[in-house]
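Q: Structure file work_18.txt, compact mmCIF, C-alpha atoms, is pasted below:
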# COMPACT_ATOMS: atom_id res chain seq x y z
CA MET A 422 160.33 9.83 17.19
CA LYS A 423 158.79 12.99 15.85
CA LYS A 424 156.88 13.37 19.11
CA LYS A 425 160.15 13.32 21.19
CA ILE A 426 161.78 15.97 18.98
CA ALA A 427 158.80 18.29 19.46
CA VAL A 428 158.94 17.87 23.21
CA TRP A 429 162.69 18.75 23.31
CA MET A 430 162.09 21.85 21.21
CA ILE A 431 159.37 23.04 23.51
CA LEU A 432 161.67 22.52 26.53
CA ALA A 433 164.51 24.45 24.87
CA LEU A 434 162.27 27.39 24.06
CA THR A 435 160.94 27.45 27.60
CA VAL A 436 164.44 27.52 29.11
CA GLY A 437 165.54 30.31 26.74
CA MET A 438 162.57 32.46 27.58
CA MET A 439 163.24 32.00 31.30
CA ALA A 440 166.86 33.03 30.81
CA VAL A 441 165.83 36.16 28.98
CA GLY A 442 163.27 36.96 31.67
CA CYS A 443 165.87 36.52 34.40
CA GLY A 444 168.25 38.88 32.58
CA LYS A 445 165.59 41.54 32.34
CA ASP A 446 164.84 41.21 36.03
CA LYS A 447 168.55 41.67 36.87
CA GLU A 448 168.72 44.75 34.66
CA ALA A 449 165.60 46.12 36.29
CA GLU A 450 167.10 45.53 39.71
CA THR A 451 170.16 47.60 38.81
CA ASP A 452 167.91 50.51 37.83
CA VAL A 453 166.12 50.63 41.17
CA VAL A 454 167.09 53.64 43.43
CA ASP A 455 167.21 52.90 47.14
CA LEU A 456 165.38 55.94 48.63
CA THR A 457 166.51 55.04 52.16
CA VAL A 458 170.11 56.17 51.41
CA PRO A 459 170.53 60.01 51.40
CA PRO A 460 172.21 61.52 48.36
CA VAL A 461 175.80 62.71 48.72
CA ALA A 462 176.05 66.55 48.58
CA VAL A 463 178.66 67.89 46.20
CA GLU A 464 180.29 71.08 47.54
CA GLU A 465 180.86 73.78 44.98
CA GLU A 466 183.94 75.95 45.44
CA GLU A 467 183.06 79.60 46.05
CA PRO A 468 185.11 82.13 44.11
CA GLU A 469 187.59 84.14 46.20
CA PRO A 470 186.28 87.67 46.91
CA GLU A 471 187.99 90.54 45.17
CA PRO A 472 190.20 92.57 47.58
CA GLU A 473 188.43 95.72 48.76
CA GLU A 474 190.10 98.95 47.78
CA GLU A 475 190.70 101.37 50.65
CA PRO A 476 188.71 104.55 50.21
CA VAL A 477 190.78 107.51 49.05
CA VAL A 478 190.55 110.43 51.49
CA THR A 479 190.33 113.55 49.38
CA HIS A 480 189.21 116.06 52.06
CA GLU A 481 187.00 117.65 49.43
CA GLY A 482 185.56 120.90 50.73
CA GLU A 483 187.99 120.89 53.68
CA ALA A 484 191.22 122.65 54.60
CA GLN A 485 193.72 122.32 57.43
CA SER A 486 193.40 124.55 60.46
CA LEU A 487 196.34 126.93 60.70
CA LEU A 488 196.47 126.34 64.46
CA THR A 489 196.14 122.55 64.70
CA GLY A 490 196.52 121.18 61.17
CA GLU A 491 193.26 119.28 61.58
CA TRP A 492 190.99 118.98 58.54
CA LEU A 493 187.90 121.20 58.93
CA PRO A 494 185.24 122.60 56.61
CA GLU A 495 187.11 125.14 54.51
CA GLU A 496 185.05 128.13 55.63
CA GLU A 497 185.81 127.43 59.30
CA THR A 498 189.56 127.56 58.68
CA LYS A 499 189.27 131.18 57.54
CA ASN A 500 188.06 132.41 60.94
CA ARG A 501 190.47 134.78 62.60
CA PRO A 502 191.69 133.45 65.98
CA LEU A 503 191.40 135.07 69.39
CA ALA A 504 194.31 135.27 71.86
CA ILE A 505 193.46 135.62 75.57
CA MET A 506 195.78 136.44 78.47
CA PHE A 507 195.25 134.19 81.52
CA GLY A 508 196.43 134.74 85.07
CA ASN A 509 198.61 131.91 86.36
CA THR A 510 199.12 132.32 90.09
CA THR A 511 197.58 129.99 92.66
CA ASP A 512 194.92 132.68 93.35
CA ALA A 513 193.93 132.55 89.69
CA LEU A 514 193.37 128.78 89.58
CA PRO A 515 191.62 127.07 88.09
CA GLN A 516 191.45 128.91 84.80
CA TYR A 517 188.21 128.64 82.84
CA GLY A 518 188.02 127.91 79.11
CA ILE A 519 191.75 127.36 78.86
CA GLY A 520 191.31 123.71 77.89
CA GLU A 521 189.78 124.85 74.58
CA ALA A 522 192.98 126.63 73.51
CA ASP A 523 194.48 125.25 70.29
CA VAL A 524 197.86 126.79 71.13
CA LEU A 525 198.98 127.64 74.67
CA TYR A 526 201.99 129.79 75.57
CA GLU A 527 203.69 130.09 78.96
CA CYS A 528 206.37 132.66 79.71
CA LEU A 529 207.88 134.47 82.69
CA VAL A 530 206.44 137.89 83.51
CA GLU A 531 208.03 138.95 86.80
CA GLY A 532 209.28 137.63 90.12
CA GLY A 533 209.44 134.06 88.90
CA LEU A 534 205.74 134.12 87.98
CA THR A 535 204.41 133.16 84.59
CA ARG A 536 201.36 134.15 82.60
CA LEU A 537 199.59 132.11 79.93
CA MET A 538 198.16 133.04 76.55
CA GLY A 539 195.66 130.77 74.84
CA ILE A 540 194.97 131.05 71.11
CA PHE A 541 191.55 129.86 69.99
CA ASP A 542 190.23 128.85 66.59
CA ASN A 543 186.71 129.10 68.01
CA TYR A 544 186.02 131.06 71.19
CA ASN A 545 182.40 129.85 71.35
CA ASP A 546 183.43 126.43 72.71
CA ALA A 547 183.41 127.46 76.40
CA PRO A 548 180.85 129.44 78.45
CA LYS A 549 183.50 131.78 79.87
CA TYR A 550 187.23 132.54 79.81
CA GLY A 551 189.48 133.77 82.59
CA SER A 552 190.69 135.05 84.74
CA VAL A 553 191.83 137.60 82.15
CA ARG A 554 194.98 139.51 83.02
CA SER A 555 197.11 142.31 81.66
CA CYS A 556 199.31 142.43 78.59
CA ARG A 557 203.06 142.10 78.29
CA LEU A 558 204.63 143.51 75.13
CA TYR A 559 206.20 140.24 73.99
CA TYR A 560 202.85 138.48 74.37
CA ALA A 561 201.28 141.11 72.11
CA HIS A 562 204.07 140.47 69.59
CA ILE A 563 203.35 136.73 69.71
CA ALA A 564 199.60 137.29 69.27
CA LYS A 565 200.37 139.30 66.17
CA GLU A 566 202.29 136.32 64.75
CA TYR A 567 199.00 134.44 64.61
CA ASP A 568 197.04 137.36 63.11
CA ALA A 569 194.94 137.07 66.27
CA ILE A 570 192.67 139.58 67.98
CA TYR A 571 194.32 140.04 71.38
CA ALA A 572 192.15 140.11 74.55
CA HIS A 573 193.65 141.46 77.80
CA TYR A 574 192.72 143.52 80.86
CA GLY A 575 195.21 146.35 81.08
CA GLN A 576 198.90 146.36 80.16
CA ALA A 577 202.43 147.10 81.28
CA ASP A 578 203.49 150.67 80.46
CA ILE A 579 206.04 149.51 77.90
CA ALA A 580 203.24 147.99 75.80
CA LYS A 581 200.96 151.04 75.59
CA SER A 582 202.33 152.57 72.41
CA PHE A 583 202.19 149.27 70.55
CA LEU A 584 198.63 148.53 71.69
CA ASN A 585 197.43 152.04 70.81
CA SER A 586 198.87 151.81 67.29
CA ASP A 587 197.33 150.12 64.28
CA ALA A 588 199.86 147.29 64.62
CA ILE A 589 197.51 144.96 66.49
CA ASP A 590 193.76 144.61 67.00
CA ASN A 591 193.17 144.27 70.71
CA LEU A 592 190.31 144.17 73.23
CA ASN A 593 191.57 146.04 76.29
CA GLY A 594 189.33 145.92 79.34
CA LEU A 595 190.74 149.24 80.58
CA ASP A 596 190.49 151.39 77.44
CA GLY A 597 186.92 152.51 78.20
CA THR A 598 185.32 151.12 75.04
CA VAL A 599 184.67 147.39 75.51
CA GLU A 600 184.89 146.71 79.25
CA SER A 601 181.12 146.76 79.90
CA LEU A 602 180.42 144.77 76.75
CA MET A 603 182.97 142.00 77.14
CA TYR A 604 184.29 141.71 80.70
CA TYR A 605 182.70 141.11 84.09
CA ARG A 606 183.94 140.40 87.61
CA SER A 607 182.95 137.29 89.51
CA SER A 608 182.27 137.34 93.25
CA ASP A 609 183.95 134.02 94.08
CA ARG A 610 187.56 135.24 94.08
CA PRO A 611 189.43 138.46 94.91
CA ALA A 612 190.56 141.10 92.42
CA PRO A 613 192.53 141.14 90.18
CA HIS A 614 191.92 137.42 89.64
CA ASN A 615 188.17 137.71 89.04
CA VAL A 616 187.85 139.16 85.52
CA PHE A 617 186.13 136.93 82.98
CA ALA A 618 184.79 137.19 79.44
CA LYS A 619 181.86 135.43 77.76
CA PRO A 620 181.63 134.51 74.08
CA ASP A 621 178.67 136.79 73.31
CA GLY A 622 180.50 139.69 74.94
CA ILE A 623 183.63 138.94 72.89
CA THR A 624 181.55 138.98 69.70
CA ALA A 625 179.91 142.27 70.69
CA ALA A 626 183.28 143.87 71.44
CA ILE A 627 184.76 142.74 68.11
CA GLU A 628 181.74 144.15 66.27
CA LYS A 629 181.99 147.46 68.13
CA LYS A 630 185.68 147.76 67.27
CA GLY A 631 184.97 146.84 63.65
CA TYR A 632 187.76 144.28 63.53
CA ARG A 633 187.85 141.83 60.62
CA THR A 634 186.89 138.30 61.55
CA THR A 635 188.82 136.33 58.91
CA TYR A 636 192.54 135.88 58.34
CA ALA A 637 194.36 138.60 56.44
CA ASP A 638 194.86 137.97 52.74
CA GLY A 639 198.04 136.00 52.17
CA TYR A 640 198.47 134.92 55.78
CA ALA A 641 200.01 131.42 55.61
CA GLY A 642 200.13 130.42 59.27
CA HIS A 643 202.70 129.77 61.94
CA PHE A 644 203.23 126.00 61.69
CA LEU A 645 203.68 123.35 59.02
CA PHE A 646 201.56 120.27 59.76
CA THR A 647 201.55 116.88 58.13
CA ASP A 648 198.55 116.50 55.81
CA SER A 649 198.52 112.72 56.32
CA GLU A 650 196.51 110.69 58.79
CA GLU A 651 199.73 108.85 59.64
CA PRO A 652 201.60 110.50 62.55
CA VAL A 653 205.08 111.95 62.29
CA VAL A 654 207.51 109.72 64.22
CA LEU A 655 210.67 111.43 65.44
CA ASN A 656 214.09 109.83 65.18
CA GLY A 657 215.31 111.40 68.41
CA LYS A 658 215.51 110.01 71.92
CA ASP A 659 212.61 108.93 74.09
CA ALA A 660 210.95 111.63 76.18
CA TYR A 661 208.46 110.36 78.74
CA ALA A 662 208.54 113.57 80.78
CA MET A 663 210.05 117.04 80.57
CA GLN A 664 210.48 119.71 83.21
CA THR A 665 210.55 123.47 82.62
CA THR A 666 212.61 125.99 84.62
CA TYR A 667 209.75 128.22 85.84
CA PRO A 668 210.46 128.84 89.56
CA ASN A 669 206.83 129.09 90.72
CA SER A 670 204.60 127.00 88.47
CA LYS A 671 207.31 124.37 87.89
CA THR A 672 205.38 123.24 84.83
CA TRP A 673 206.06 119.74 83.51
CA PHE A 674 204.58 117.26 81.02
CA GLU A 675 204.14 113.49 81.06
CA TYR A 676 203.47 111.34 78.00
CA ASP A 677 200.29 109.27 77.92
CA ALA A 678 200.86 106.46 75.42
CA GLU A 679 197.17 105.54 75.29
CA SER A 680 196.07 108.95 74.01
CA GLY A 681 199.37 109.81 72.32
CA MET A 682 199.39 113.17 74.10
CA TYR A 683 201.47 115.00 76.69
CA LYS A 684 199.51 115.78 79.83
CA ARG A 685 200.29 119.11 81.46
CA PHE A 686 201.04 119.64 85.18
CA HIS A 687 201.84 122.70 87.27
CA TYR A 688 201.94 123.79 90.91
CA LYS A 689 202.58 120.13 91.91
CA LYS A 690 199.34 118.83 90.37
CA GLU A 691 197.40 118.32 87.16
CA HIS A 692 196.65 121.43 85.14
CA VAL A 693 192.86 121.32 84.73
CA ASP A 694 190.18 123.49 83.17
CA GLY A 695 187.81 124.78 85.88
CA GLU A 696 184.82 124.42 83.58
CA THR A 697 185.30 120.80 82.53
CA GLY A 698 187.60 119.46 85.24
CA GLU A 699 189.68 117.84 82.51
CA GLN A 700 193.46 117.91 82.45
CA LEU A 701 195.11 119.87 79.65
CA ALA A 702 196.86 117.67 77.08
CA PHE A 703 198.78 118.39 73.88
CA THR A 704 199.95 116.48 70.83
CA ASN A 705 202.93 118.82 70.42
CA VAL A 706 205.12 120.53 73.00
CA ILE A 707 207.90 122.98 72.16
CA PHE A 708 210.51 124.41 74.51
CA GLN A 709 211.64 127.63 72.79
CA PHE A 710 214.77 129.30 74.17
CA ILE A 711 214.73 133.11 73.85
CA PRO A 712 216.99 135.75 75.41
CA GLY A 713 215.18 137.40 78.32
CA ARG A 714 216.09 140.10 80.81
CA VAL A 715 214.65 142.05 83.75
CA ILE A 716 213.74 145.63 82.75
CA ASP A 717 212.52 147.33 85.97
CA LYS A 718 212.62 147.27 89.76
CA LYS A 719 209.44 145.16 89.87
CA GLY A 720 211.31 142.40 88.08
CA ARG A 721 209.28 142.63 84.87
CA MET A 722 210.76 140.72 81.96
CA GLU A 723 211.32 141.49 78.31
CA PHE A 724 212.11 138.96 75.56
CA ASP A 725 213.72 139.38 72.15
CA THR A 726 211.13 137.62 70.02
CA VAL A 727 212.78 138.76 66.76
CA GLY A 728 215.91 136.75 65.97
CA SER A 729 216.78 133.05 66.03
CA GLY A 730 217.76 130.37 68.48
CA LYS A 731 217.41 126.81 69.70
CA ALA A 732 214.32 124.82 70.64
CA ILE A 733 213.21 121.26 71.39
CA TYR A 734 210.20 119.55 69.81
CA PHE A 735 208.31 116.81 71.69
CA THR A 736 205.67 114.54 70.14
CA GLY A 737 204.70 110.89 70.33
CA GLY A 738 206.92 110.24 73.35
CA LYS A 739 210.10 111.38 71.61
CA CYS A 740 212.03 114.62 71.12
CA GLU A 741 214.35 116.31 68.66
CA ASP A 742 216.54 119.40 68.76
CA ILE A 743 215.22 122.07 66.41
CA THR A 744 215.77 125.80 65.75
CA TRP A 745 213.51 128.83 65.47
CA LYS A 746 213.74 132.01 63.42
CA LYS A 747 211.70 135.22 63.32
CA ASP A 748 212.80 137.74 60.72
CA SER A 749 210.68 140.74 61.76
CA LEU A 750 207.92 141.86 64.07
CA GLU A 751 205.40 141.25 61.31
CA SER A 752 206.52 137.67 60.55
CA PRO A 753 205.80 134.53 62.59
CA SER A 754 208.40 132.45 64.40
CA LEU A 755 209.08 129.43 62.22
CA PHE A 756 210.61 126.17 63.40
CA TYR A 757 213.18 124.11 61.50
CA ASP A 758 214.44 120.54 61.82
CA GLU A 759 218.08 119.44 61.97
CA ASN A 760 218.29 119.48 58.15
CA GLY A 761 217.22 123.12 57.98
CA ASP A 762 213.78 122.29 56.58
CA GLN A 763 210.65 123.70 58.14
CA LEU A 764 209.51 121.40 60.93
CA VAL A 765 206.61 119.12 59.98
CA MET A 766 204.41 118.74 63.06
CA ASN A 767 201.67 116.32 64.01
CA GLN A 768 198.08 117.46 63.79
CA GLY A 769 196.71 118.56 67.15
CA LYS A 770 197.09 121.09 69.95
CA THR A 771 200.46 122.65 70.78
CA SER A 772 201.91 123.98 74.04
CA ILE A 773 204.90 126.32 73.73
CA CYS A 774 207.03 127.11 76.77
CA ILE A 775 209.29 130.13 76.29
CA ILE A 776 212.38 129.63 78.43
CA THR A 777 215.26 132.04 78.90
CA THR A 778 218.41 130.99 77.05
CA ASP A 779 220.48 131.30 80.22
CA SER A 780 218.37 128.61 81.92
CA ALA A 781 218.22 126.23 78.95
CA ASP A 782 220.70 123.83 80.56
CA ASN A 783 218.45 123.45 83.61
CA ILE A 784 215.48 121.82 81.90
CA GLY A 785 214.92 118.12 82.50
CA ILE A 786 214.12 115.44 79.93
CA TYR A 787 213.43 111.93 81.25
CA GLU A 788 213.35 109.02 78.82
CA THR A 789 211.25 106.65 80.93
CA GLN A 790 208.66 106.78 83.68
CA ASP A 791 211.11 105.03 86.01
CA ALA A 792 213.70 107.73 85.37
CA TRP A 793 211.10 110.41 86.05
CA ASN A 794 209.93 108.77 89.28
CA ALA A 795 213.55 108.38 90.46
CA ARG A 796 214.56 112.01 89.80
Can you turn what I pasted into structure tokens?

A:
Amino acid sequence: MKKKIAVWMILALTVGMMAVGCGKDKEAETDVVDLTVPPVAVEEEEPEPEPEEEPVVTHEGEAQSLLTGEWLPEEETKNRPLAIMFGNTTDALPQYGIGEADVLYECLVEGGLTRLMGIFDNYNDAPKYGSVRSCRLYYAHIAKEYDAIYAHYGQADIAKSFLNSDAIDNLNGLDGTVESLMYYRSSDRPAPHNVFAKPDGITAAIEKKGYRTTYADGYAGHFLFTDSEEPVVLNGKDAYAMQTTYPNSKTWFEYDAESGMYKRFHYKKEHVDGETGEQLAFTNVIFQFIPGRVIDKKGRMEFDTVGSGKAIYFTGGKCEDITWKKDSLESPSLFYDENGDQLVMNQGKTSICIITTDSADNIGIYETQDAWNAR
């Protein structure tokens, strides 16, 4: 009996030990890592980048050009400009260096012909300028508005007393002092359309005359430009093209939306610089209406630059009616918007066409290219 009990106890112990062993094996199996299964990657969320602050344009060490409003090194904006008279008949084309002008004037002189005056911040930008022609009194008055040194080759009689006074610093090719230094005649075209000037000769003539080379103290400029990089957008009507009333040159402008500039045409074709072959183009165009009259048998004109009147401002493919006012011979012509505030212009080059008040109604302004082509 005792023997049977012992046997059953041994069997029970054996079964219990096997059960425990099996449990350990199962636990061990659950701890085994199957290396054939790749681990699952857990993506971490990247923090959103901080918004970049736009750099603040301070224009430190710069100032705006009084001719274009463009930001330049401050010292460069103090340089006194040079005004040059250009011939503008078909015999005088193409003009050289004219594409470098920061401001370009056109006005009648006689017999339906016009002459041009370019005003330059820096006259070293072209190898030569010309052809250089004679002065008209109202052009000398306009040059004075810019505190410019005025370069010309001769003059109408009515201008002699003004040019010979201390009222304006001028470089006259016929006064016997600077002709050999500054001017020369080319052999590729007939006189009087063959007079040219080179930058080194201009510098030598200015030095000989002893003229100052920086703006006069207190001179504030002729225009008011926006100081922002954002362009001024006019509220007026569209102006794709505009036609002047000059009988011979028939100057007109067409807006180029890609460049944002008005391209200049005359004598039935593009107005180009003979040096570069590039067409003249301007950010700003102004038609300024001034009383004009014939003063002699040769049909020479005179204009009343002192006074006030109407004008039209073109920029960015649009136009607005504006006014102008010039209080005295010593003061510049200033332009005003419809609210009576000084006109804020876009930065860039400006072309000003002086048109007689009695022909103001004959200009053409075309809102679209289709309208211009169908004229």

Q: How many Å lie between CA of Asp512 (chain A) and CA of Glu600 (chain A), rounded to one decimal?

A: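 Between these atoms lies a distance of 22.3 Å.
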
Q: Rounded to one decimal in Å, what is the spacing between CA of Asn794 (chain A) and CA of Thr511 (chain A)?

A: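 Separation between CA of Asn794 (chain A) and CA of Thr511 (chain A): 24.8 Å.
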
Q: Grab the CA of Asp791 (chain A) to CA of Phe735 (chain A) distance for me, in Å with one decimal place.

A: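 Going from CA of Asp791 (chain A) over to CA of Phe735 (chain A), I get 18.8 Å.
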
Q: What are the nearest atom pairs, with distances in Å to one decimal, for all residues of region 513-603 of chain A that come at most 10 Å from region 706-710 of chain A, using all atoms listed in the file, set out by chain and rising residue number as JSON lines?

A:
{"residue": "A:Val524", "atom": "CA", "partner": "A:Val706", "partner_atom": "CA", "distance": 9.8}
{"residue": "A:Leu525", "atom": "CA", "partner": "A:Val706", "partner_atom": "CA", "distance": 9.5}
{"residue": "A:Tyr526", "atom": "CA", "partner": "A:Ile707", "partner_atom": "CA", "distance": 9.6}
{"residue": "A:Glu527", "atom": "CA", "partner": "A:Phe708", "partner_atom": "CA", "distance": 9.9}

Q: Residues as selected, C-alpha atoms, written as a short mmCIF file (atom, residue, chain, number, x, y, z; two decimals), keeping the file's coordinate frame, can you do that?

A:
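And here is the file that came out, selection.cif:
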data_model
loop_
_atom_site.label_atom_id
_atom_site.label_comp_id
_atom_site.auth_asym_id
_atom_site.auth_seq_id
_atom_site.Cartn_x
_atom_site.Cartn_y
_atom_site.Cartn_z
CA VAL A 524 197.86 126.79 71.13
CA LEU A 525 198.98 127.64 74.67
CA TYR A 526 201.99 129.79 75.57
CA GLU A 527 203.69 130.09 78.96
#

Q: If we draw a sphere of 7 Å around (181.9, 135.6, 76.7), which residues have at least one atom in it when counting only C-alpha atoms? Please report them as a list in words.

A: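 Here the neighbourhood of the point contains Pro548, Lys549, Tyr550, Met603, Ala618, Lys619, Pro620, Asp621, Gly622 and Ile623 of chain A.
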
Q: Using only C-alpha atoms, which protein or nucleic acid residues come within 10 Å of Arg633 (chain A)? Drop anything in the same chain fewer than 5 positions from it, and give the result as a PyMOL selection string.

A: chain A and resi 500-501+570+590+627-628

Q: Within 10 Å of (187.4, 126.7, 82.5) in the file's own coordinates, which protein, DNA or RNA residues have an atom, counting only C-alpha atoms? List them as a PyMOL selection string.

A: chain A and resi 514-521+547-552+693-699

Q: Counting all atoms listed in the file, which of A:Asp725, A:Asp638, A:Gly738, A:Asn543 gets nearest to Glu679 (chain A)?

A: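 Closest to Glu679 (chain A), using all atoms listed in the file: A:Gly738.
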
Q: For Arg721 (chain A), which of A:Gly597, A:Gly532, A:Pro611, A:Gly490 is the closest residue, counting all atoms listed in the file?

A: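 The shortest atom-to-atom distance to Arg721 (chain A) comes from A:Gly532.
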
Q: Using only C-alpha atoms, pick whichever of A:Arg796, A:Arg557, A:Lys739, A:Lys499 has the shortest atom-to-atom distance to Gln664 (chain A).

A: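 Closest candidate: A:Arg796.
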
Q: Find, counting all atoms listed in the file, the residue in A:Ala625, A:Val765, A:Ala564, A:Val715 that gets nearest to Glu531 (chain A).

A: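 Closest candidate: A:Val715.
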
Q: Rank A:Val653, A:Ile711, A:Ala572, A:Leu488 by their smallest atom-to-atom distance to Asp779 (chain A), using only C-alpha atoms, and report the top residue only.

A: A:Ile711
